[in-house]
Amino acid sequence: MEGIIRYIHLSIQLSCNRWKFSNLSLAVKYSARGGFIGTSAYFLVTSGFSKMAFVTSHWILDGILILASLIVAAYIYMTRQFKYWIKKGVAEISPMPFLGNFADCVLLKKAPAQLLSDFYEQSKGLRYVGFYVFDRPCLLIRDPEIVKHVLAKDFNVFCNRNAHPAKIDRIEYTNIFAVRDAAWKILRSRLSPMGTSMKLKRLFDLMIMVAEDLDKYLEGLNLTNGKVMEMKNLCACLHTDMVGNTIFGLRVNSLQNENAPFRLFGKKMFSFTTLRSIRYLIIYFIPQLVKITGARFSDTESCNYFRSIFWGTVDRRVKSGEERSDFLGYLMELKEQYKDEGDICGLNFTGDDLVAQAVGAYVAGFETGSSVTAFTLYELAMNLDVQEKLRTEILNALEETNGKMTYEMIQTLPYLDMVVAETLRMYPPLGFLDRLPTKDYKIPNSDLVLKKDTPVYIPVAALHHDPEYFPNPEKFDPMRFSKQNEHKIRPFTYMPFGEGPRICIALRWGLQQVKVGLVQLLRKYEVTPCEQTPVPIVIDTKALTTAAKGGLYLNVRKVETVAG
C-alpha cells in the first residue's frame with residue numbers, strides 16, 4: 001500500500017507542477033490519511049462540485065488521472081505475489097499481470113488439463129514448478145516420487161481436494177467427491193462395501209438387462225450395410241440406462257427414447273456451456289470465489305429432479321416392501337442403520353446427504369463410462385487389427401458360455417482389460433488431480449516448505465503422455481499393459497482414476513459397465529472410420545473432463561460371424 005501512496009503523491013506533484021495547482025498539501029494530506037481510496041474519493045467529490053477540477057484545470061484530465069491510479073493500484077495488488085516461487089528457490093512459469101498463468105483457461109482457449117500439460121512440458125528436468133492462478137501461487141508436481149507422497153504416503157496432509165462447490169445445496173457439497181476432512185473418512189468407510197466383488201456381481205445382472213436393450217436397439221437399426229453413428233451420444237444413452245438401473249433402480253430406456261426426462265437432465269448436467277465452464281474453473285482453481293459467485297457443479301433444477309427421483313423410489317420401495325440389490329438399496333440400508341445417529345462431522349444419513357451419494361455415483365458412472373467407451377470404440381476403429389484381436393477374444397469366451405455374458409466371463413478377458421487400460425492412458429477422464437495441504441509440508445528430498453493451503457496439481461494427462469514413461473505415447477498400444485510389460489510402468493505415472501486412499505471409489509463398478517457395453521457391441525458389430533471421423537481428435541476446451549469437440553462419428557456395421 002505504501003507503494004500506491006507514493007505513486008499518488010508523485011502523480012499529484014507532477015500535475016501540480018504542470019497546472020500550478022495550489023492545494024498540493026491538501027491532496028497529500030488526504031492521501032496520507034485515507035490512502036488511495038480517500039484521495040480518489042476527494043478528487044471525485046471536488047471535481048463534481050466545483051467549476052475547476054481538483055488536480056488539473058480540466059475534470060476530464062482528473063478522471064484520467066484517477067483511472068490511471070486505479071489501474072496501477074490493481075496492477076500492484078494483482079502482481080504482489082509474483083516471484084513468490086523464485087524467492088523460495090523454485091522455478092516458475094512467467095506470469096502475466098492480472099491473470100497469472102491462467103489466461104488460456106479463462107479465455108477458454110485450453111482445457112485445464114491441456115494448460116497443465118503445457119506447464120509440464122515447459123519444465124522438463126524439474127521435479128516441480130510454480131505457477132499462478134490469477135495472483136495465487138500454485139505448485140505443479142512432475143516427479144512421480146513426490147506424487148506418491150502427496151497421494152499416498154503423506155495422505156494425512158493432502159486428504160482434501162482444492163476443488164469445493166458452494167454450500168447452496170447439500171447434494172453439491174456432501175457427496176464423496178467434494179466432502180473434506182473427517183466427514184470424508186466417515187463417508188468413505190461407509191460406502192466402500194459397495195465396491196466389493198459380491199456387490200458388483202449383483203449389479204452385473206442389472207447391467208446385462210441394459211446390454212440386452214442395446215442389442216435390441218442396434219438390431220432395429222438394420223446395420224447390415226453399415227450406418228454412421230455418433231459414438232458419444234450412443235454411449236451416453238447406454239450408460240444413462242446403466243446408471244439409472246444400477247443406482248436408482250429405473251428402467252430409463254433412453255436408447256429408445258432420448259427425450260426421457262432422466263436422459264435430458266443428465267445431458268443438461270454435462271452440457272459444457274461457457275458459463276458452466278467458468279463455474280468449473282472457479283470450483284477447481286479459484287474456490288475462494290465460490291462463496292461470492294455461488295459456483296456449483298450442477299443447476300438447481302437438475303438437483304431437484306434427482307432428489308424427487310431418489311425419494312420417490314425410496315417411498316415406493318418402503319410401501320411395497322421391495323428389496324433390490326442396487327446402489328439405492330444399499331443407501332436405504334445405511335439410512336436405516338444410522339437413522340438415530342444424528343449429525344456426525346457435518347453428515348446426516350437421513351436426508352439429502354444420501355441423495356448426494358446417489359447423484360455423485362451417477363455423475364461418476366455416466367460421464368466416465370460413456371467417455372471411456374466412446375474413446376475405446378474410436379481407437380478400435382482407427383486400429384482394426386486391435387479390434388479384430390479383441391473381437392476374437394470375446395467370441396472365444398462367449399463360445400465357452402454358450403453365448404451368454406457372465407460376470408466370471410468378463411473377468412477372464414485380458415486383452416479387453418489391456419485395451420480399456422490403454423484408452424484410459426490416452427484419454428484419462430479427468431486430466432489432472434488437485435490437493436490442498438492441511439498444514440505446512442516439506443517436500444521430500446528438497447528444501448522447499450509448502451505453506452498450508454497452497455494448491456497442488458498433478459498433471460495426469462501429461463504423465464500419461466510422457467515418452468519417458470510411455471514410449472511413443474501417441475500410439476494406441478494395449479500391449480503396454482500386458483503381463484509381460486506392466487511391470488515396466490513406473491508407479492504413480494498411470495492414474496486414470498487417481499491413486500492412494502482417495503482413488504475413485506466407483507473404479508471397479510465403472511470399468512465393469514464399460515466392459516459390458518463393449519462386449520455387447522463388439523460381439524456383433526464392427527466400427528470403422530467414416531468421412532466425419534475426427535483425425536486427430538480435438539479436445540473440447542470448454543469441458544472439464546476429457547471430451548472430443550464435435551463428437552466421435554464412426555461407421556457401425558453388423559459382422560457375419562457372431563457367438564451364441
# chains A, B, ... in the order shown; residues from 1 in each chain; ligands from 1
$ residues_around --residues "Arg136 of chain A" --least-positions-apart "6" --cutoff "12 Å" --atoms "only C-alpha atoms" --output "ChimeraX atom specification"
/A:77-85,95,97-102,130,285-288,453-456
$ residues_around --residues "segment 321-334 of chain A" --least-positions-apart "2" --cutoff "6 Å" --atoms "only C-alpha atoms" --output "NGL selection string"
:A and (246-248 or 317-319 or 336-337)
$ residues_around --residues "segment 528-538 of chain A" --least-positions-apart "6" --cutoff "9 Å" --atoms "only C-alpha atoms" --output "PyMOL selection string"
chain A and resi 228+377-378+380-384+547-557
$ residues_around --residues "Gln513 of chain A" --least-positions-apart "2" --cutoff "8 Å" --atoms "only C-alpha atoms" --output "ChimeraX atom specification"
/A:207,239,242,369,509-511,515-517
$ atom_distance --atom1 "atom CA of Tyr120 of chain A" --atom2 "atom CA of Phe432 of chain A"
11.5 Å
$ residues_around --residues "Asn304 of chain A" --least-positions-apart "5" --cutoff "12 Å" --atoms "only C-alpha atoms" --output "count of residues only"
15
$ residues_around --residues "Asp434 of chain A" --least-positions-apart "4" --cutoff "7 Å" --atoms "only C-alpha atoms" --output "PyMOL selection string"
chain A and resi 161-162+456-458
$ residues_around --residues "Ser277 of chain A" --least-positions-apart "5" --cutoff "10 Å" --atoms "only C-alpha atoms" --output "PDB file with N, CA and C atoms, in the first residue's frame"
ATOM      1  N   CYS A 105      -7.091 -20.571 -19.963  1.00  0.00           N
ATOM      2  CA  CYS A 105      -8.277 -21.226 -19.411  1.00  0.00           C
ATOM      3  C   CYS A 105      -9.428 -20.241 -19.261  1.00  0.00           C
ATOM      4  N   VAL A 106      -9.136 -19.048 -18.778  1.00  0.00           N
ATOM      5  CA  VAL A 106     -10.171 -18.027 -18.612  1.00  0.00           C
ATOM      6  C   VAL A 106     -10.814 -17.683 -19.955  1.00  0.00           C
ATOM      7  N   LEU A 108     -10.993 -19.695 -22.386  1.00  0.00           N
ATOM      8  CA  LEU A 108     -11.468 -20.974 -22.929  1.00  0.00           C
ATOM      9  C   LEU A 108     -10.718 -21.379 -24.196  1.00  0.00           C
ATOM     10  N   ALA A 111      -8.328 -26.382 -22.308  1.00  0.00           N
ATOM     11  CA  ALA A 111      -8.899 -27.049 -21.143  1.00  0.00           C
ATOM     12  C   ALA A 111      -7.848 -27.069 -20.040  1.00  0.00           C
ATOM     13  N   SER A 271     -23.708 -30.534 -20.153  1.00  0.00           N
ATOM     14  CA  SER A 271     -23.576 -29.658 -21.312  1.00  0.00           C
ATOM     15  C   SER A 271     -22.578 -28.563 -20.945  1.00  0.00           C
ATOM     16  N   PHE A 272     -21.445 -28.553 -21.634  1.00  0.00           N
ATOM     17  CA  PHE A 272     -20.362 -27.641 -21.261  1.00  0.00           C
ATOM     18  C   PHE A 272     -20.533 -26.294 -21.958  1.00  0.00           C
ATOM     19  N   ILE A 282     -13.821 -21.973 -11.469  1.00  0.00           N
ATOM     20  CA  ILE A 282     -13.859 -21.358 -10.135  1.00  0.00           C
ATOM     21  C   ILE A 282     -13.783 -22.440  -9.061  1.00  0.00           C
ATOM     22  N   ILE A 283     -14.564 -23.512  -9.206  1.00  0.00           N
ATOM     23  CA  ILE A 283     -14.607 -24.578  -8.202  1.00  0.00           C
ATOM     24  C   ILE A 283     -13.250 -25.249  -8.055  1.00  0.00           C
ATOM     25  N   PHE A 297     -21.552 -27.427  -9.205  1.00  0.00           N
ATOM     26  CA  PHE A 297     -21.364 -28.392 -10.276  1.00  0.00           C
ATOM     27  C   PHE A 297     -22.569 -28.462 -11.198  1.00  0.00           C
ATOM     28  N   THR A 541     -12.298 -27.510 -25.351  1.00  0.00           N
ATOM     29  CA  THR A 541     -11.672 -26.622 -24.351  1.00  0.00           C
ATOM     30  C   THR A 541     -12.662 -26.133 -23.296  1.00  0.00           C
ATOM     31  N   LYS A 542     -13.962 -26.307 -23.543  1.00  0.00           N
ATOM     32  CA  LYS A 542     -14.953 -25.899 -22.555  1.00  0.00           C
ATOM     33  C   LYS A 542     -15.215 -26.985 -21.522  1.00  0.00           C
ATOM     34  N   ALA A 543     -14.775 -28.201 -21.827  1.00  0.00           N
ATOM     35  CA  ALA A 543     -15.081 -29.337 -20.964  1.00  0.00           C
ATOM     36  C   ALA A 543     -14.036 -29.483 -19.863  1.00  0.00           C
ATOM     37  N   LEU A 544     -14.489 -29.763 -18.653  1.00  0.00           N
ATOM     38  CA  LEU A 544     -13.562 -30.023 -17.555  1.00  0.00           C
ATOM     39  C   LEU A 544     -12.970 -31.420 -17.707  1.00  0.00           C
TER      40      LEU A 544
END
$ closest_residue --among "A:Leu67, A:Leu347, A:Ala374, A:Val419" --to "Ile186 of chain A" --atoms "only C-alpha atoms"
A:Leu347
$ atom_distance --atom1 "atom CA of Gly365 of chain A" --atom2 "atom CA of Cys235 of chain A"
11.8 Å
